[in-house]
file entry-v2.txt (compact mmCIF, C-alpha atoms)
# COMPACT_ATOMS: atom_id res chain seq x y z
CA MET A 1 -10.52 -33.11 38.41
CA HIS A 2 -13.24 -32.94 35.77
CA LEU A 3 -14.85 -29.54 35.46
CA SER A 4 -17.57 -28.50 33.05
CA GLY A 5 -20.68 -26.41 33.10
CA GLN A 6 -22.53 -23.39 31.72
CA LEU A 7 -21.06 -19.92 31.35
CA SER A 8 -24.29 -18.45 32.66
CA ASP A 9 -23.38 -19.93 36.06
CA TRP A 10 -19.66 -19.15 36.06
CA SER A 11 -17.84 -16.06 34.87
CA MET A 12 -14.46 -16.19 33.19
CA ASN A 13 -12.84 -14.65 36.28
CA ASP A 14 -14.34 -17.41 38.48
CA LEU A 15 -13.02 -20.14 36.18
CA LEU A 16 -9.53 -18.67 36.13
CA GLN A 17 -9.49 -18.40 39.91
CA ILE A 18 -10.59 -22.04 40.29
CA MET A 19 -7.79 -23.21 37.98
CA GLN A 20 -5.24 -21.23 40.01
CA VAL A 21 -6.48 -22.29 43.47
CA THR A 22 -6.48 -25.96 42.51
CA LYS A 23 -3.13 -25.56 40.73
CA LYS A 24 -4.67 -27.32 37.79
CA THR A 25 -2.64 -28.35 34.74
CA GLY A 26 -4.97 -28.50 31.77
CA SER A 27 -6.74 -26.55 29.06
CA LEU A 28 -9.97 -24.66 29.64
CA ASP A 29 -12.27 -24.73 26.58
CA ILE A 30 -14.89 -22.03 26.00
CA GLU A 31 -17.76 -22.73 23.61
CA GLY A 32 -20.20 -19.92 22.90
CA GLU A 33 -20.55 -16.89 20.67
CA ARG A 34 -16.76 -16.90 20.76
CA ARG A 35 -14.64 -20.04 20.98
CA GLY A 36 -11.35 -20.16 22.79
CA ARG A 37 -8.95 -22.10 24.97
CA VAL A 38 -6.79 -21.11 27.94
CA HIS A 39 -3.80 -23.24 28.94
CA PHE A 40 -2.57 -23.75 32.52
CA ARG A 41 0.50 -25.26 34.20
CA ASP A 42 0.20 -25.70 37.96
CA GLY A 43 -2.50 -23.06 38.03
CA ARG A 44 -0.53 -20.46 36.03
CA VAL A 45 -1.65 -19.23 32.62
CA THR A 46 0.82 -20.26 29.92
CA GLY A 47 -1.08 -19.39 26.75
CA ALA A 48 -4.44 -18.91 25.06
CA GLU A 49 -6.14 -19.43 21.71
CA LEU A 50 -9.11 -17.77 20.02
CA THR A 51 -10.96 -19.28 17.08
CA GLY A 52 -12.89 -17.02 14.72
CA ILE A 53 -14.22 -16.95 11.19
CA ASP A 54 -10.80 -15.84 9.92
CA GLY A 55 -8.88 -18.60 11.66
CA ALA A 56 -7.22 -19.24 15.00
CA HIS A 57 -5.22 -16.64 16.94
CA THR A 58 -2.61 -17.75 19.44
CA GLY A 59 -1.40 -15.70 22.38
CA SER A 60 2.02 -16.79 23.53
CA ASP A 61 3.09 -13.64 25.38
CA ARG A 62 1.35 -11.78 28.17
CA ASP A 63 -0.21 -9.12 25.95
CA GLY A 64 -1.49 -11.73 23.51
CA VAL A 65 -3.04 -13.78 26.31
CA ALA A 66 -4.67 -10.68 27.78
CA ASP A 67 -6.18 -9.79 24.38
CA ILE A 68 -7.75 -13.24 24.06
CA LEU A 69 -9.06 -13.30 27.63
CA TYR A 70 -10.45 -9.80 27.05
CA VAL A 71 -12.57 -11.23 24.23
CA LEU A 72 -13.57 -14.42 26.04
CA ALA A 73 -14.60 -12.44 29.12
CA SER A 74 -17.48 -10.97 27.11
CA VAL A 75 -18.96 -14.44 26.46
CA ASP A 76 -21.68 -15.13 29.01
CA GLU A 77 -23.72 -17.76 27.13
CA GLY A 78 -22.37 -21.19 26.26
CA SER A 79 -20.42 -23.97 27.92
CA PHE A 80 -16.97 -24.63 29.32
CA SER A 81 -14.91 -27.72 30.09
CA VAL A 82 -11.42 -28.57 31.31
CA GLY A 83 -9.43 -31.23 29.49
CA ALA A 84 -5.89 -32.50 29.27
CA ALA A 85 -3.18 -29.87 28.91
CA ASP A 86 -2.00 -29.32 25.35
CA GLY A 87 -0.59 -25.81 25.68
CA PRO A 88 2.91 -24.40 26.16
CA ASP A 89 5.05 -25.93 28.85
CA ALA A 90 6.23 -22.62 30.29
CA LYS A 91 6.32 -20.76 33.59
CA GLY A 92 3.45 -18.49 32.57
CA TRP A 93 1.78 -15.77 34.60
CA THR A 94 -0.48 -15.64 37.61
CA VAL A 95 -4.20 -15.17 37.11
CA GLU A 96 -3.99 -11.80 38.90
CA GLU A 97 -1.42 -10.55 36.38
CA VAL A 98 -3.42 -11.43 33.30
CA LEU A 99 -6.70 -10.25 34.86
CA ALA A 100 -5.09 -6.89 35.63
CA ASP A 101 -4.24 -6.55 31.94
CA VAL A 102 -7.80 -7.50 30.97
CA GLU A 103 -9.27 -4.94 33.37
CA ALA A 104 -6.97 -2.26 31.92
CA LEU A 105 -8.33 -2.98 28.44
CA GLN A 106 -11.90 -2.88 29.73
CA THR A 107 -11.22 0.53 31.28
CA LEU A 108 -9.84 1.88 28.02
CA GLU A 109 -12.91 0.66 26.17
CA SER A 110 -15.26 2.36 28.64
CA GLU A 111 -13.45 5.68 28.19
CA VAL A 112 -13.91 5.57 24.40
CA SER A 113 -17.36 3.96 24.21
CA ASP A 114 -19.25 7.28 24.32
CA SER A 115 -17.28 8.80 21.43
CA GLY A 116 -19.08 6.80 18.74
CA LEU A 117 -15.78 5.65 17.21
CA PHE A 118 -16.46 1.95 17.69
CA GLU A 119 -19.75 2.10 15.76
CA ALA A 120 -18.56 4.45 12.99
CA ASN A 121 -18.25 3.12 9.44
CA GLY A 122 -15.05 5.11 9.01
CA VAL A 123 -12.64 7.02 11.23
CA LYS A 124 -10.19 9.75 10.21
CA LEU A 125 -7.73 11.92 12.10
CA THR A 126 -8.85 15.43 12.99
CA HIS A 127 -7.12 18.26 11.11
CA GLU A 128 -6.79 20.49 14.19
CA VAL A 129 -5.87 19.86 17.82
CA GLY A 130 -6.66 22.06 20.80
CA GLY A 131 -3.10 22.27 22.10
CA THR A 132 0.30 20.65 22.26
CA VAL A 133 0.14 16.89 21.93
CA THR A 134 2.71 14.73 23.71
CA LEU A 135 3.12 11.15 22.57
CA GLU A 136 4.64 8.27 24.43
CA PRO A 137 6.72 5.85 22.33
CA ALA A 138 3.99 3.21 22.66
CA ASP A 139 1.40 5.75 21.49
CA TRP A 140 3.45 6.61 18.42
CA GLN A 141 3.38 2.96 17.35
CA THR A 142 -0.38 3.36 16.99
CA PHE A 143 0.06 6.06 14.35
CA ALA A 144 2.89 4.24 12.62
CA ASN A 145 0.72 1.13 12.26
CA LEU A 146 -2.26 3.12 10.95
CA VAL A 147 -0.41 4.95 8.17
CA PRO A 148 0.77 2.80 5.23
CA ALA A 149 4.01 3.52 3.35
CA PHE A 150 3.81 6.54 1.03
CA SER A 151 6.07 8.41 -1.38
CA PHE A 152 6.87 12.00 -2.27
CA ALA A 153 5.46 11.45 -5.76
CA ALA A 154 2.13 10.29 -4.33
CA LEU A 155 1.86 13.31 -2.03
CA GLU A 156 2.89 15.65 -4.84
CA ALA A 157 0.19 14.24 -7.11
CA LYS A 158 -2.47 14.70 -4.43
CA TYR A 159 -1.50 17.99 -2.74
CA GLY A 160 0.99 19.70 -5.06
CA ARG A 161 4.77 19.90 -4.90
CA GLY A 162 4.96 22.80 -2.44
CA THR A 163 2.72 21.10 0.12
CA ALA A 164 4.55 17.81 -0.35
CA VAL A 165 7.89 19.53 0.32
CA ARG A 166 6.54 21.10 3.52
CA MET A 167 5.19 17.73 4.66
CA PHE A 168 8.51 15.99 4.11
CA HIS A 169 10.41 18.82 5.78
CA THR A 170 8.21 18.54 8.88
CA LEU A 171 8.55 14.76 9.03
CA ASN A 172 12.31 14.97 8.65
CA ARG A 173 12.65 17.80 11.22
CA LEU A 174 10.72 15.84 13.82
CA GLY A 175 12.50 12.60 13.00
CA LEU A 176 9.22 10.85 12.25
CA ALA A 177 10.00 9.33 8.85
CA GLU A 178 12.56 7.05 7.30
CA ALA A 179 13.16 5.72 3.82
CA ALA A 180 11.46 2.39 3.21
CA ALA A 181 12.99 -0.41 1.16
CA VAL A 182 11.27 -0.72 -2.21
CA PRO A 183 11.06 -4.14 -3.90
CA GLU A 184 13.40 -4.45 -6.88
CA GLU A 185 10.54 -5.02 -9.30
CA GLU A 186 8.99 -1.68 -8.26
CA ALA A 187 12.30 0.21 -8.29
CA ASP A 188 12.82 -0.84 -11.93
CA TRP A 189 9.73 1.04 -13.09
CA LEU A 190 11.70 3.40 -15.37
CA ASN A 191 13.17 0.56 -17.39
CA ARG A 192 9.75 -1.03 -17.66
CA LEU A 193 8.27 2.26 -18.85
CA ALA A 194 10.95 2.56 -21.54
CA GLU A 195 10.26 -0.97 -22.71
CA VAL A 196 6.52 -0.37 -22.85
CA VAL A 197 6.93 2.83 -24.88
CA ALA A 198 9.38 1.14 -27.25
CA THR A 199 6.97 -1.68 -27.98
CA GLY A 200 3.98 0.61 -28.40
CA ALA A 201 2.06 -1.02 -25.58
CA THR A 202 -0.45 0.74 -23.36
CA TRP A 203 0.89 2.74 -20.41
CA ASN A 204 -1.55 4.38 -17.97
CA GLY A 205 -4.38 4.10 -20.44
CA HIS A 206 -2.51 5.78 -23.36
CA THR A 207 -1.01 4.01 -26.37
CA GLU A 208 2.52 5.17 -27.14
CA ALA A 209 2.93 4.02 -30.75
CA SER A 210 6.13 4.80 -32.62
CA GLU A 211 5.85 6.96 -35.72
CA THR A 212 7.46 4.30 -37.88
CA SER A 213 6.79 0.61 -37.73
CA THR A 214 9.04 -2.17 -38.94
CA GLU A 215 7.29 -5.08 -40.57
CA VAL A 216 8.89 -8.47 -40.93
CA PRO A 217 8.85 -9.46 -44.63
CA GLU A 218 7.26 -12.66 -45.72
CA PRO A 219 9.70 -15.49 -46.55
CA VAL A 220 10.72 -15.67 -50.22
CA GLU A 221 10.51 -18.94 -52.12
CA ALA A 222 13.62 -20.19 -53.98
CA GLY A 223 13.88 -18.70 -57.49
CA GLU A 224 11.32 -15.97 -56.78
CA SER A 225 12.36 -12.45 -57.68
CA ILE A 226 11.98 -9.58 -55.27
CA GLU A 227 10.35 -6.43 -56.54
CA PRO A 228 11.86 -3.20 -55.16
CA ALA A 229 9.61 -1.32 -52.79
CA THR A 230 7.97 1.83 -54.09
CA VAL A 231 8.54 4.93 -51.95
CA GLU A 232 6.07 7.74 -52.44
CA GLU A 233 7.34 11.27 -52.08
CA PRO A 234 5.41 13.26 -49.46
CA GLU A 235 3.07 15.91 -50.83
CA VAL A 236 4.17 19.40 -49.84
CA ALA A 237 1.69 22.23 -50.09
CA GLU A 238 2.76 25.33 -52.00
CA PRO A 239 3.57 28.20 -49.63
CA GLU A 240 1.11 31.07 -49.50
CA PRO A 241 2.22 34.49 -50.86
CA VAL A 242 4.09 36.48 -48.23
CA PRO A 243 3.31 40.18 -47.79
CA VAL A 244 6.23 42.53 -48.52
CA GLY A 245 6.46 43.67 -44.92
CA GLU A 246 6.93 40.13 -43.66
CA LYS A 247 9.71 39.11 -46.06
CA SER A 248 12.53 39.57 -43.59
CA ARG A 249 10.67 37.69 -40.83
CA VAL A 250 9.96 34.70 -43.04
CA GLN A 251 13.53 34.65 -44.31
CA SER A 252 14.95 34.56 -40.78
CA GLU A 253 12.53 31.80 -39.77
CA LEU A 254 13.50 29.64 -42.73
CA LYS A 255 17.20 30.10 -42.06
CA GLY A 256 16.63 28.84 -38.53
CA VAL A 257 14.84 25.67 -39.52
CA SER A 258 16.29 22.77 -37.52
CA ALA A 259 15.18 19.49 -36.01
CA PRO A 260 16.16 17.60 -32.86
CA ALA A 261 18.61 14.73 -33.27
CA SER A 262 15.79 12.28 -32.54
CA THR A 263 13.72 13.53 -35.53
CA THR A 264 14.01 11.70 -38.85
CA LEU A 265 13.54 13.78 -42.05
CA THR A 266 13.34 12.27 -45.50
CA ASP A 267 15.39 13.54 -48.45
CA GLY A 268 12.20 14.93 -49.94
CA VAL A 269 11.59 17.14 -46.92
CA TYR A 270 15.18 18.40 -46.99
CA ASP A 271 14.85 19.23 -50.71
CA GLU A 272 11.64 21.14 -50.05
CA ILE A 273 13.29 23.20 -47.32
CA ARG A 274 16.18 24.06 -49.67
CA ARG A 275 13.72 25.04 -52.40
CA LEU A 276 11.78 27.34 -50.10
CA ARG A 277 14.99 28.97 -48.87
CA SER A 278 16.16 29.61 -52.44
CA ARG A 279 12.80 31.15 -53.40
CA VAL A 280 12.92 33.55 -50.46
CA GLY A 281 16.48 34.50 -51.31
CA ASP A 282 15.46 35.35 -54.90
CA LYS A 283 12.79 37.82 -53.75
call {"tool": "encode", "arguments": {"input": "entry-v2.txt", "output": "structure tokens"}}
result
Amino acid sequence: MHLSGQLSDWSMNDLLQIMQVTKKTGSLDIEGERRGRVHFRDGRVTGAELTGIDGAHTGSDRDGVADILYVLASVDEGSFSVGAADGPDAKGWTVEEVLADVEALQTLESEVSDSGLFEANGVKLTHEVGGTVTLEPADWQTFANLVPAFSFAALEAKYGRGTAVRMFHTLNRLGLAEAAAVPEEEADWLNRLAEVVATGATWNGHTEASETSTEVPEPVEAGESIEPATVEEPEVAEPEPVPVGEKSRVQSELKGVSAPASTTLTDGVYDEIRRLRSRVGDK
């Protein structure tokens, strides 16, 4: 049976019913504002496809087929034709089953259409609810799909540590969160940070340059003598006179002079510290 015509004369529901009544095996093509294809085996729907600007979408299960038929049902201008079957060779579903799913989606849309959410440029969750909210497992999947993976560090940076702790405590108490696997290249961030700092490269917009730099000497030609490097002693300013009443305080401070193990002091600095200590001790 060859079937073709205009969508202005036949609705999607009519076309599906015709395919089922005639127990047709074939593929129904829709050409209009939206382009799609519905596959049949002995009048039962076995699959569907939808072609858009971002590629083709294939519905191989009942929900996927219903989603595609839900879109194609809104096309009322264009053409249709039935050709040879090139869809899944499966048992499929009756037209009544898939149309029931389509009608359920249309009902949901009508209940939300007056809220202005569909036309809004952006949508966010409300901060307050009027009462206790009960979620079905299928409803929770909606929230889980909307919220991307996050970390305690990210929440702490945005809201502060106290608020982040309360958030994580609530999520853990309600059993609504789980640790996500982090790619190895992201988990190794500490080693990468250490390497960046050691090489003096830029990290988060700041240059971490080491206080001392090691230069590679130029190669020396055969027979050329090497002059010893000249090391200049650091200039140390003479200490200012200390009032009599502050002698003991200065003496105790000088006796407590120390440096962390990571700090490098030259011999000249050590000599200057010894000299200052001896001068205070003479007074």
call {"tool": "closest_residue", "arguments": {"input": "entry-v2.txt", "among": "A:Val75, A:Tyr70, A:Lys91, A:Thr58", "to": "Phe40 in chain A", "atoms": "only C-alpha atoms"}}
result
A:Lys91
call {"tool": "closest_residue", "arguments": {"input": "entry-v2.txt", "among": "A:Val45, A:Ile30, A:Val147, A:Val71", "to": "Leu125 in chain A", "atoms": "all atoms listed in the file"}}
result
A:Val147
call {"tool": "closest_residue", "arguments": {"input": "entry-v2.txt", "among": "A:Asp86, A:Phe152, A:Met12, A:Ser4", "to": "His169 in chain A", "atoms": "all atoms listed in the file"}}
result
A:Phe152
call {"tool": "atom_distance", "arguments": {"input": "entry-v2.txt", "atom1": "CA of Ala104 in chain A", "atom2": "CA of Asp67 in chain A"}}
result
10.7 Å
call {"tool": "atom_distance", "arguments": {"input": "entry-v2.txt", "atom1": "CA of Ala48 in chain A", "atom2": "CA of Pro137 in chain A"}}
result
27.3 Å
call {"tool": "residues_around", "arguments": {"input": "entry-v2.txt", "residues": "Thr25 in chain A", "least_positions_apart": "2", "cutoff": "8 Å", "atoms": "only C-alpha atoms", "output": "PyMOL selection string"}}
result
chain A and resi 19+23+27+39-43+84-85
call {"tool": "write_last_selection", "arguments": {"input": "entry-v2.txt", "atoms": "C-alpha atoms", "output": "PDB file, in the frame of the given file"}}
result
ATOM      1  CA  MET A  19      -7.790 -23.210  37.980  1.00  0.00           C
ATOM      2  CA  LYS A  23      -3.130 -25.560  40.730  1.00  0.00           C
ATOM      3  CA  SER A  27      -6.740 -26.550  29.060  1.00  0.00           C
ATOM      4  CA  HIS A  39      -3.800 -23.240  28.940  1.00  0.00           C
ATOM      5  CA  PHE A  40      -2.570 -23.750  32.520  1.00  0.00           C
ATOM      6  CA  ARG A  41       0.500 -25.260  34.200  1.00  0.00           C
ATOM      7  CA  ASP A  42       0.200 -25.700  37.960  1.00  0.00           C
ATOM      8  CA  GLY A  43      -2.500 -23.060  38.030  1.00  0.00           C
ATOM      9  CA  ALA A  84      -5.890 -32.500  29.270  1.00  0.00           C
ATOM     10  CA  ALA A  85      -3.180 -29.870  28.910  1.00  0.00           C
TER      11      ALA A  85
END
